Amino acid sequence: MKYKVGMMGFDLDGTLLNSKKELTERTRKALEKAAGRGIEILPVTGRPLCGLPEEIRNFPGMRYAITANGARILDIRTGEVLRERLIDAQVGERLLHIFDKYDAMREIYYDGIGYIERSALERVEHFLPGSPMVGYIRSTRVAVDNLWDKLREENRALDKVQGLFADLKEREQALAEIQKLQGVEATNALVNNIEVNAGGVNKGEAMLWLADILGIPAEESMGFGDGGNDLAFMKYAGVGVAMKNGREDVKEMADTVTEYTNDEDGIAIFIENHVL
């Protein structure tokens with residue numbers, strides 16, 4: 001089936017990037033061809049701006065980015081923030097109190113930058129044993145001596161708060177506490193993390209907002225994803241495309257599923273067969 005597409009938004013980890021966190025040559029060429037045909041291509045990710053790979057930020061034909069699960073929408077050519085929807089400072093403090101109870105690596109985000117305690121960064125493998133995410137976190141986060149001191153120093157609304165848990169039972173307990181709070185949206189990209197945004201913030205709503213601003217019909221928006229923070233992407237995008245390697249609930253929510261995984265050039269092959 002061929003789709004009429006004006007905008008394509010891509011989750012990064014588990015979707016556009018392979019398991020080594022690489023953008024393959026075949027995927028690069030498919031994106032270049034799509035951009036060359038006037039299709040707006042953009043990352044739609046839970047990552048902060050500082051977590052976007054340089055090759056994505058400088059990709060030819062890519063102008064916009066949706067980061068922190070939709071909390072911030074940017075023009076990456078000019079640096080202009082087109083929209084931001086942030087977590088209230090007091091709510092951020094409550095979230096950090098919850099994460100403090102557990103063996104969790106805590107992160108807070110301001111202005112597209114992720115902050116983490118130095119002691120937690122030194123033991124990141126404890127939370128992500130053998131994962132390529134270890135290198136990503138070490139290379140993109142700003143280490144501080146005390147996260148509470150940073151929170152109080154900033155004393156303002158946050159992009160996102162994240163906890164990465166060593167124990168999945170503790171993750172479930174923390175999630176149950178978070179879900180009792182008003183005005184927050186909790187999701188996850190990894191099995192053992194919780195990402196918390198302001199209420200109503202999600203990738204799908206953010207992409208449709210940007211499409212509307214650019215004059216692209218909602219039905220011509222296409223979103224690709226694999227994880228829990230992509231469920232709203234599948235729901236709201238004109239065409240939701242789940243990765244073959246994605247979670248089962250994401251595939252059930254999607255309009256269609258790629259024929260191949262993110263380690264088999266799944267995005268590139270889908271674009272070649274169904275868009276170009």
# chains A, B, ... in the order shown; residues from 1 in each chain; ligands from 1

$ select_by_dssp --residues "segment 25-103 of chain A" --states "strand (DSSP E)" --output "list in words"
Glu40, Ile41, Leu42, Pro43, Tyr64, Ala65, Ile66, Thr67, Arg72, Ile73, Leu74, Asp75, Val81, Leu82, Arg83 and Glu84 of chain A

$ select_by_dssp --residues "segment 136-174 of chain A" --states "alpha helix (DSSP H)" --output "list in words"
Tyr136, Ile137, Arg138, Ser139, Thr140, Leu147, Trp148, Asp149, Lys150, Leu151, Arg152, Glu153, Glu154, Leu168, Lys169, Glu170, Arg171, Glu172, Gln173 and Ala174 of chain A

$ residues_around --residues "Ala89 of chain A" --least-positions-apart "2" --cutoff "9 Å" --atoms "only C-alpha atoms" --output "list in words"
Leu86, Ile87, Val91, Gly92, Glu93, Arg94, Leu151, Glu154, Asn155, Arg156, Ala157 and Leu158 of chain A

$ write_last_selection --atoms "N, CA and C atoms" --output "mmCIF file, in the first residue's frame"
data_model
loop_
_atom_site.group_PDB
_atom_site.id
_atom_site.type_symbol
_atom_site.label_atom_id
_atom_site.label_comp_id
_atom_site.auth_asym_id
_atom_site.auth_seq_id
_atom_site.Cartn_x
_atom_site.Cartn_y
_atom_site.Cartn_z
ATOM 1 N N LEU A 86 5.623 22.449 30.093
ATOM 2 C CA LEU A 86 6.560 22.008 31.114
ATOM 3 C C LEU A 86 5.878 21.542 32.401
ATOM 4 N N ILE A 87 6.654 20.826 33.212
ATOM 5 C CA ILE A 87 6.197 20.347 34.517
ATOM 6 C C ILE A 87 6.383 21.453 35.544
ATOM 7 N N VAL A 91 5.590 20.202 41.294
ATOM 8 C CA VAL A 91 5.316 18.821 40.884
ATOM 9 C C VAL A 91 6.632 18.089 40.654
ATOM 10 N N GLY A 92 7.596 18.773 40.059
ATOM 11 C CA GLY A 92 8.914 18.169 39.851
ATOM 12 C C GLY A 92 9.547 17.749 41.165
ATOM 13 N N GLU A 93 9.347 18.559 42.199
ATOM 14 C CA GLU A 93 9.879 18.225 43.520
ATOM 15 C C GLU A 93 9.195 16.979 44.076
ATOM 16 N N ARG A 94 7.894 16.875 43.896
ATOM 17 C CA ARG A 94 7.173 15.676 44.364
ATOM 18 C C ARG A 94 7.669 14.424 43.636
ATOM 19 N N LEU A 151 17.820 21.311 41.490
ATOM 20 C CA LEU A 151 16.383 21.587 41.410
ATOM 21 C C LEU A 151 16.050 22.907 42.114
ATOM 22 N N GLU A 154 17.497 26.028 40.241
ATOM 23 C CA GLU A 154 16.709 26.420 39.076
ATOM 24 C C GLU A 154 15.358 26.991 39.494
ATOM 25 N N ASN A 155 14.682 26.288 40.381
ATOM 26 C CA ASN A 155 13.388 26.743 40.927
ATOM 27 C C ASN A 155 12.428 27.207 39.826
ATOM 28 N N ARG A 156 12.254 26.382 38.816
ATOM 29 C CA ARG A 156 11.362 26.727 37.708
ATOM 30 C C ARG A 156 10.856 25.439 37.053
ATOM 31 N N ALA A 157 9.971 25.594 36.098
ATOM 32 C CA ALA A 157 9.359 24.439 35.442
ATOM 33 C C ALA A 157 10.393 23.608 34.689
ATOM 34 N N LEU A 158 10.140 22.300 34.616
ATOM 35 C CA LEU A 158 11.074 21.346 34.011
ATOM 36 C C LEU A 158 10.503 20.780 32.711
#

$ residues_around --residues "Leu128 of chain A" --least-positions-apart "2" --cutoff "9 Å" --atoms "only C-alpha atoms" --output "list of chain:residue names"
A:Val124, A:Glu125, A:His126, A:Gly130, A:Ser131, A:Pro132, A:Met133, A:Val134, A:Leu164, A:Phe165, A:Ala166, A:Asn192

$ write_last_selection --atoms "N, CA and C atoms" --output "PDB file, in the first residue's frame"
ATOM      1  N   VAL A 124      26.121   3.867  36.210  1.00  0.00           N
ATOM      2  CA  VAL A 124      25.018   3.746  35.249  1.00  0.00           C
ATOM      3  C   VAL A 124      24.843   2.311  34.764  1.00  0.00           C
ATOM      4  N   GLU A 125      25.948   1.526  34.721  1.00  0.00           N
ATOM      5  CA  GLU A 125      25.826   0.123  34.294  1.00  0.00           C
ATOM      6  C   GLU A 125      24.955  -0.699  35.240  1.00  0.00           C
ATOM      7  N   HIS A 126      24.835  -0.247  36.483  1.00  0.00           N
ATOM      8  CA  HIS A 126      23.975  -0.935  37.452  1.00  0.00           C
ATOM      9  C   HIS A 126      22.523  -0.912  36.980  1.00  0.00           C
ATOM     10  N   GLY A 130      25.187  -3.820  30.221  1.00  0.00           N
ATOM     11  CA  GLY A 130      25.455  -4.261  28.856  1.00  0.00           C
ATOM     12  C   GLY A 130      24.703  -3.526  27.771  1.00  0.00           C
ATOM     13  N   SER A 131      24.104  -2.374  28.077  1.00  0.00           N
ATOM     14  CA  SER A 131      23.274  -1.665  27.104  1.00  0.00           C
ATOM     15  C   SER A 131      24.059  -0.557  26.397  1.00  0.00           C
ATOM     16  N   PRO A 132      23.816  -0.366  25.082  1.00  0.00           N
ATOM     17  CA  PRO A 132      24.426   0.767  24.364  1.00  0.00           C
ATOM     18  C   PRO A 132      23.965   2.119  24.910  1.00  0.00           C
ATOM     19  N   MET A 133      22.869   2.126  25.670  1.00  0.00           N
ATOM     20  CA  MET A 133      22.377   3.361  26.268  1.00  0.00           C
ATOM     21  C   MET A 133      23.380   3.941  27.270  1.00  0.00           C
ATOM     22  N   VAL A 134      24.265   3.103  27.808  1.00  0.00           N
ATOM     23  CA  VAL A 134      25.260   3.577  28.770  1.00  0.00           C
ATOM     24  C   VAL A 134      26.126   4.667  28.146  1.00  0.00           C
ATOM     25  N   LEU A 164      15.275   5.696  36.317  1.00  0.00           N
ATOM     26  CA  LEU A 164      15.681   4.428  35.704  1.00  0.00           C
ATOM     27  C   LEU A 164      15.957   3.455  36.842  1.00  0.00           C
ATOM     28  N   PHE A 165      15.231   2.346  36.878  1.00  0.00           N
ATOM     29  CA  PHE A 165      15.197   1.477  38.055  1.00  0.00           C
ATOM     30  C   PHE A 165      16.008   0.201  37.879  1.00  0.00           C
ATOM     31  N   ALA A 166      16.648  -0.196  38.974  1.00  0.00           N
ATOM     32  CA  ALA A 166      17.382  -1.462  38.981  1.00  0.00           C
ATOM     33  C   ALA A 166      16.448  -2.639  39.207  1.00  0.00           C
ATOM     34  N   ASN A 192      12.617  -0.592  32.151  1.00  0.00           N
ATOM     35  CA  ASN A 192      12.857  -0.237  33.549  1.00  0.00           C
ATOM     36  C   ASN A 192      12.895   1.263  33.817  1.00  0.00           C
TER      37      ASN A 192
END

$ residues_around --residues "segment 57-68 of chain A" --least-positions-apart "2" --cutoff "7 Å" --atoms "only C-alpha atoms" --output "JSON, numbers by chain"
{"A": [35, 41, 42, 43, 44, 45, 46, 47, 48, 49, 52, 53, 54, 55, 70, 71, 72, 73, 74, 75, 76, 77, 159, 160]}

$ residues_around --residues "segment 229-245 of chain A" --least-positions-apart "5" --cutoff "10 Å" --atoms "only C-alpha atoms" --output "ChimeraX atom specification"
/A:3-5,7-11,14-16,44-46,69,186-190,194-195,201-208,217-224,250-264,266-267,270

$ closest_residue --among "A:Asp103, A:Arg83, A:Gln162, A:Asn273" --to "Ile213 of chain A" --atoms "only C-alpha atoms"
A:Arg83

$ residues_around --residues "Ala268 of chain A" --least-positions-apart "3" --cutoff "8 Å" --atoms "only C-alpha atoms" --output "ChimeraX atom specification"
/A:26-31,265,271-272

$ closest_residue --among "A:Met105, A:Leu181, A:Ala143, A:Leu95" --to "Arg118 of chain A" --atoms "only C-alpha atoms"
A:Ala143

$ atom_distance --atom1 "atom CA of Ala120 of chain A" --atom2 "atom CA of Gly200 of chain A"
29.7 Å

$ atom_distance --atom1 "atom CA of Asp13 of chain A" --atom2 "atom CA of Ala174 of chain A"
23.7 Å

$ closest_residue --among "A:Thr24, A:Asp149, A:Ile178, A:Asn18" --to "Glu117 of chain A" --atoms "only C-alpha atoms"
A:Asp149
